[in-house]
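Next up, query-v3.txt (compact mmCIF, C-alpha atoms):
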```
# COMPACT_ATOMS: atom_id res chain seq x y z
CA MET A 491 2.09 -71.80 172.52
CA SER A 492 -0.05 -72.34 169.41
CA THR A 493 -1.98 -75.53 168.67
CA ARG A 494 0.19 -76.04 165.58
CA THR A 495 3.33 -76.02 167.73
CA LEU A 496 1.74 -78.48 170.13
CA THR A 497 0.90 -80.80 167.24
CA ILE A 498 4.47 -80.64 165.94
CA ILE A 499 5.85 -81.28 169.44
CA GLY A 500 3.57 -84.32 169.67
CA PHE A 501 4.97 -85.77 166.43
CA VAL A 502 8.54 -85.00 167.47
CA LEU A 503 8.06 -86.67 170.85
CA VAL A 504 6.55 -89.84 169.38
CA ILE A 505 9.23 -90.15 166.69
CA ALA A 506 11.97 -89.42 169.24
CA ALA A 507 10.48 -92.15 171.45
CA MET A 508 10.79 -94.58 168.54
CA PHE A 509 14.45 -93.70 168.06
CA LEU A 510 14.97 -94.13 171.81
CA LEU A 511 13.29 -97.55 171.70
CA GLU A 512 15.53 -98.59 168.81
CA PHE A 513 18.59 -97.40 170.75
CA LEU A 514 17.49 -99.29 173.87
CA ALA A 515 16.71 -102.38 171.80
CA ARG A 516 20.27 -102.48 170.47
CA ARG A 517 21.80 -102.70 173.95
CA PRO A 518 23.14 -106.16 174.82
CA GLY A 519 20.55 -108.30 176.60
CA SER A 520 17.69 -105.93 175.87
CA ARG A 521 14.17 -107.43 175.98
CA ILE A 522 12.94 -104.80 173.54
CA PRO A 523 13.08 -106.01 169.92
CA THR A 524 14.58 -103.78 167.23
CA VAL A 525 12.38 -102.50 164.42
CA GLY A 526 13.94 -105.09 162.14
CA GLN A 527 13.19 -107.90 164.59
CA TRP A 528 9.52 -107.14 165.15
CA LEU A 529 8.95 -106.34 161.48
CA GLY A 530 10.72 -109.60 160.65
CA TYR A 531 8.39 -111.41 163.05
CA LEU A 532 5.34 -109.82 161.41
CA MET A 533 6.75 -110.80 158.01
CA ARG A 534 7.12 -114.49 158.82
CA PRO A 535 3.70 -115.41 157.37
CA ARG A 536 3.36 -114.64 153.69
CA ILE A 537 0.37 -112.33 154.22
CA GLY A 538 2.36 -110.27 156.74
CA ARG A 539 5.21 -110.01 154.25
CA VAL A 540 2.88 -108.83 151.50
CA LEU A 541 1.11 -106.29 153.72
CA ILE A 542 4.33 -104.80 155.11
CA LEU A 543 5.81 -104.48 151.61
CA LEU A 544 2.57 -102.91 150.36
CA GLY A 545 2.73 -100.44 153.25
CA TRP A 546 6.30 -99.60 152.30
CA TRP A 547 5.28 -99.01 148.67
CA TRP A 548 2.28 -96.92 149.73
CA LEU A 549 4.58 -94.63 151.74
CA GLY A 550 6.71 -94.05 148.65
CA TRP A 551 3.67 -93.36 146.50
CA HIS A 552 2.16 -91.05 149.13
CA TYR A 553 5.26 -88.92 149.64
CA PHE A 554 7.06 -89.06 146.28
CA ALA A 555 4.38 -89.47 143.61
CA ARG A 556 1.80 -87.09 145.03
CA MET B 826 6.25 -123.87 158.15
CA ALA B 827 6.39 -120.11 157.86
CA THR B 828 10.14 -119.94 157.70
CA ASP B 829 10.60 -122.68 155.15
CA ASP B 830 11.40 -120.18 152.44
CA VAL B 831 14.26 -118.64 154.43
CA SER B 832 17.26 -119.43 152.28
CA ARG B 833 20.51 -120.82 153.52
CA PRO B 834 23.65 -118.66 153.26
CA PRO B 835 25.19 -119.15 149.84
CA ASP B 836 28.85 -119.78 149.38
CA ARG B 837 30.98 -116.76 148.74
CA LEU B 838 32.14 -116.16 145.22
CA GLY B 839 35.77 -116.71 146.10
CA HIS B 840 35.02 -120.07 147.70
CA ARG B 841 32.58 -121.29 145.11
CA SER B 842 34.80 -120.69 142.12
CA SER B 843 38.43 -121.22 141.46
CA LEU B 844 39.06 -117.49 141.90
CA PRO B 845 41.22 -116.46 144.83
CA PRO B 846 39.17 -115.04 147.77
CA TRP B 847 40.60 -111.51 147.41
CA LEU B 848 39.36 -111.37 143.81
CA GLY B 849 35.87 -112.40 144.92
CA ARG B 850 35.81 -109.68 147.57
CA ARG B 851 37.02 -107.13 145.04
CA GLY B 852 34.26 -108.20 142.66
CA ASN B 853 31.69 -107.76 145.42
CA ARG B 854 33.00 -104.29 146.20
CA VAL B 855 32.81 -103.28 142.54
CA ARG B 856 29.28 -104.66 142.29
CA THR B 857 28.21 -102.86 145.49
CA ALA B 858 29.70 -99.60 144.25
CA ALA B 859 27.96 -99.96 140.88
CA VAL B 860 24.60 -100.65 142.56
CA ALA B 861 25.08 -97.68 144.93
CA ILE B 862 25.86 -95.33 142.04
CA GLY B 863 22.92 -96.68 140.04
CA LEU B 864 20.54 -96.18 142.97
CA ALA B 865 21.83 -92.66 143.60
CA VAL B 866 21.32 -91.73 139.93
CA TYR B 867 17.85 -93.29 139.97
CA ALA B 868 16.90 -91.41 143.16
CA TRP B 869 18.18 -88.16 141.65
CA MET B 870 16.07 -88.71 138.51
CA ALA B 871 13.02 -89.73 140.55
CA GLY B 872 13.45 -86.65 142.73
CA SER B 873 13.18 -84.42 139.68
CA ALA B 874 9.78 -85.79 138.62
CA PRO B 875 7.01 -83.28 139.33
CA PRO B 876 4.33 -84.37 141.85
CA PHE B 877 1.11 -85.89 140.49
CA SER B 878 2.83 -86.64 137.16
CA THR B 879 2.98 -89.95 135.33
CA ALA B 880 6.77 -89.83 135.57
CA ALA B 881 6.57 -89.57 139.38
CA LEU B 882 4.17 -92.52 139.50
CA VAL B 883 6.38 -94.64 137.24
CA MET B 884 9.48 -93.74 139.27
CA VAL B 885 7.74 -95.07 142.39
CA LEU B 886 6.25 -98.08 140.62
CA ILE B 887 9.58 -99.36 139.29
CA PRO B 888 11.27 -99.99 142.68
CA GLY B 889 8.07 -101.60 143.94
CA VAL B 890 7.84 -103.97 140.98
CA VAL B 891 11.57 -104.75 141.01
CA LEU B 892 11.59 -105.55 144.73
CA ALA B 893 8.39 -107.58 144.43
CA VAL B 894 9.94 -109.64 141.61
CA ILE B 895 13.14 -110.14 143.60
CA ALA B 896 11.20 -111.06 146.77
CA TYR B 897 9.07 -113.57 144.87
CA GLY B 898 11.40 -114.92 142.22
CA TRP B 899 14.91 -114.57 143.57
CA PRO B 900 14.61 -114.05 147.33
CA PRO B 901 17.93 -113.01 148.87
CA GLU B 902 19.40 -114.56 151.98
CA ARG B 903 16.93 -113.61 154.70
CA ILE B 904 17.76 -112.50 158.20
CA PRO B 905 15.98 -114.98 160.51
CA ALA B 906 13.20 -113.44 162.58
CA PRO B 907 12.94 -114.20 166.30
CA ASP B 908 10.69 -117.18 167.06
CA LYS B 909 8.78 -115.29 169.73
CA PRO B 910 9.74 -111.74 170.68
CA ASP B 911 9.42 -110.66 174.30
CA ILE B 912 5.82 -109.49 174.75
CA THR B 913 6.76 -106.70 177.18
CA GLY B 914 9.36 -105.38 174.79
CA VAL B 915 6.94 -105.51 171.88
CA PHE B 916 4.35 -103.65 173.96
CA TRP B 917 6.60 -100.56 174.10
CA TRP B 918 6.59 -100.50 170.31
CA VAL B 919 2.83 -100.99 170.20
CA ILE B 920 2.39 -97.92 172.43
CA ALA B 921 4.70 -95.80 170.25
CA VAL B 922 3.13 -96.87 166.94
CA ALA B 923 -0.41 -96.47 168.33
CA ALA B 924 0.47 -92.96 169.58
CA LEU B 925 1.79 -92.00 166.15
CA PHE B 926 -1.32 -93.32 164.41
CA GLU B 927 -3.62 -91.63 166.95
CA TRP B 928 -1.85 -88.29 166.55
CA GLU B 929 -1.98 -88.59 162.77
CA ALA B 930 -5.62 -89.73 162.81
CA SER B 931 -6.66 -86.79 164.97
CA ALA B 932 -5.04 -84.39 162.48
CA TYR B 933 -6.63 -86.22 159.53
CA LYS B 934 -10.03 -86.14 161.24
CA ASP B 935 -9.69 -82.36 161.61
CA ASN B 936 -8.99 -82.10 157.85
CA SER B 937 -5.34 -81.25 158.51
CA LEU B 938 -6.11 -77.65 159.35
CA PRO B 939 -3.08 -75.35 159.66
CA TRP B 940 -3.34 -75.38 163.46
CA HIS B 941 -3.45 -79.20 163.56
CA PRO B 942 -1.38 -80.40 160.59
CA SER B 943 -0.93 -84.06 159.68
CA LEU B 944 2.50 -85.63 159.35
CA THR B 945 2.15 -85.46 155.56
CA ASP B 946 1.55 -81.69 155.71
CA LEU B 947 4.68 -81.30 157.83
CA ILE B 948 6.91 -83.58 155.74
CA ASN B 949 5.87 -82.45 152.24
CA PRO B 950 7.46 -78.96 152.51
CA MET B 951 10.69 -80.56 153.73
CA LEU B 952 10.77 -82.67 150.55
CA GLY B 953 10.75 -79.54 148.40
CA PRO B 954 14.50 -79.27 147.73
CA HIS B 955 15.56 -81.70 145.02
CA ILE B 956 18.48 -83.12 147.00
CA VAL B 957 16.34 -83.79 150.07
CA LYS B 958 13.64 -85.52 148.04
CA SER B 959 16.24 -87.62 146.20
CA ALA B 960 17.89 -88.60 149.49
CA ALA B 961 14.48 -89.56 150.89
CA ILE B 962 13.75 -91.69 147.80
CA LEU B 963 17.14 -93.39 148.14
CA LEU B 964 16.39 -94.09 151.81
CA TRP B 965 12.96 -95.44 150.87
CA ILE B 966 14.47 -97.86 148.34
CA LEU B 967 17.08 -99.03 150.88
CA VAL B 968 14.34 -99.61 153.47
CA GLY B 969 12.46 -101.63 150.86
CA TRP B 970 15.53 -103.77 150.25
CA ALA B 971 15.99 -104.23 154.01
CA LEU B 972 12.37 -105.38 154.25
CA VAL B 973 12.83 -107.88 151.41
CA ARG B 974 15.73 -109.39 153.36
CA ARG B 975 13.54 -109.84 156.45
```

Once more with this new file: its structure as structure tokens, please.
Amino acid sequence: MSTRTLTIIGFVLVIAAMFLLEFLARRPGSRIPTVGQWLGYLMRPRIGRVLILLGWWWLGWHYFAR
Amino acid sequence: MATDDVSRPPDRLGHRSSLPPWLGRRGNRVRTAAVAIGLAVYAWMAGSAPPFSTAALVMVLIPGVVLAVIAYGWPPERIPAPDKPDITGVFWWVIAVAALFEWEASAYKDNSLPWHPSLTDLINPMLGPHIVKSAAILLWILVGWALVRR
């Protein structure tokens, strides 16, 4: 197995784990917050809101404008 | 308080005006459909802009500016955030996000060589087809709107 394949498998595993966490978070009575809930918590203070929205915009610039 | 700017649910159109409720719902559906078509057309146009061009930059700037203006000037009804999320549950997310950043940082540190590519190097070729790039832009705009509502 090449190093490139190992790198890709690493990314796939981490992203799959995030989807799994989101799935588990949506079960009734789950203690795990959904992405929306923990992002919402981070966005309660104004600075958190600004930083998260800037991060969102940066992703768009990084992938779609470059 | 941090949540002071969370707006209260507005009245629905049908209840606020003298229009019958079914007409208000129909108006909302028409408005939603118009916005969806507009966003799809915008994403299609943005997807056709060549990389590193002024057009591509402007196409990314516009949604950012529009959402920033909406978030600041006319904030929509926000979904209340939890007062204090469960720390154990949050920790699982911290592990996952940290792992993603570590994996990406290790690729970036190695100059994204072909045998250790960064996430950007893996995603960029996937965004080659126009329809995929446009769909990704549409998804990005929708995520931005979801964030503004948080």

Counting only C-alpha atoms, figure out which residue out of A:Ile522, A:Met491, A:Ala515, A:Arg536 gets nearest to chain B.
A:Ile522

Work out how far CA of Pro888 (chain B) is from CA of Trp548 (chain A), in Å to one decimal.
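Going from CA of Trp548 (chain A) over to CA of Pro888 (chain B) covers 11.8 Å.
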
Residues of chain A were defined as contacting chain B if any atom lay at most 6 Å from it, counting all atoms listed in the file; please report them as a list in words.
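Close to chain B, chain A has Thr493, Arg494, Thr497, Arg521, Ile522, Gln527, Gly530, Tyr531, Arg534, Pro535, Ala555 and Arg556 of chain A.
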
Hey, can you check how far CA of Ile862 (chain B) sits from CA of Leu541 (chain A)?
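CA of Leu541 (chain A) lies 29.5 Å from CA of Ile862 (chain B).
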
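The space between CA of Asn936 (chain B) and CA of Leu544 (chain A) spans 25.0 Å.
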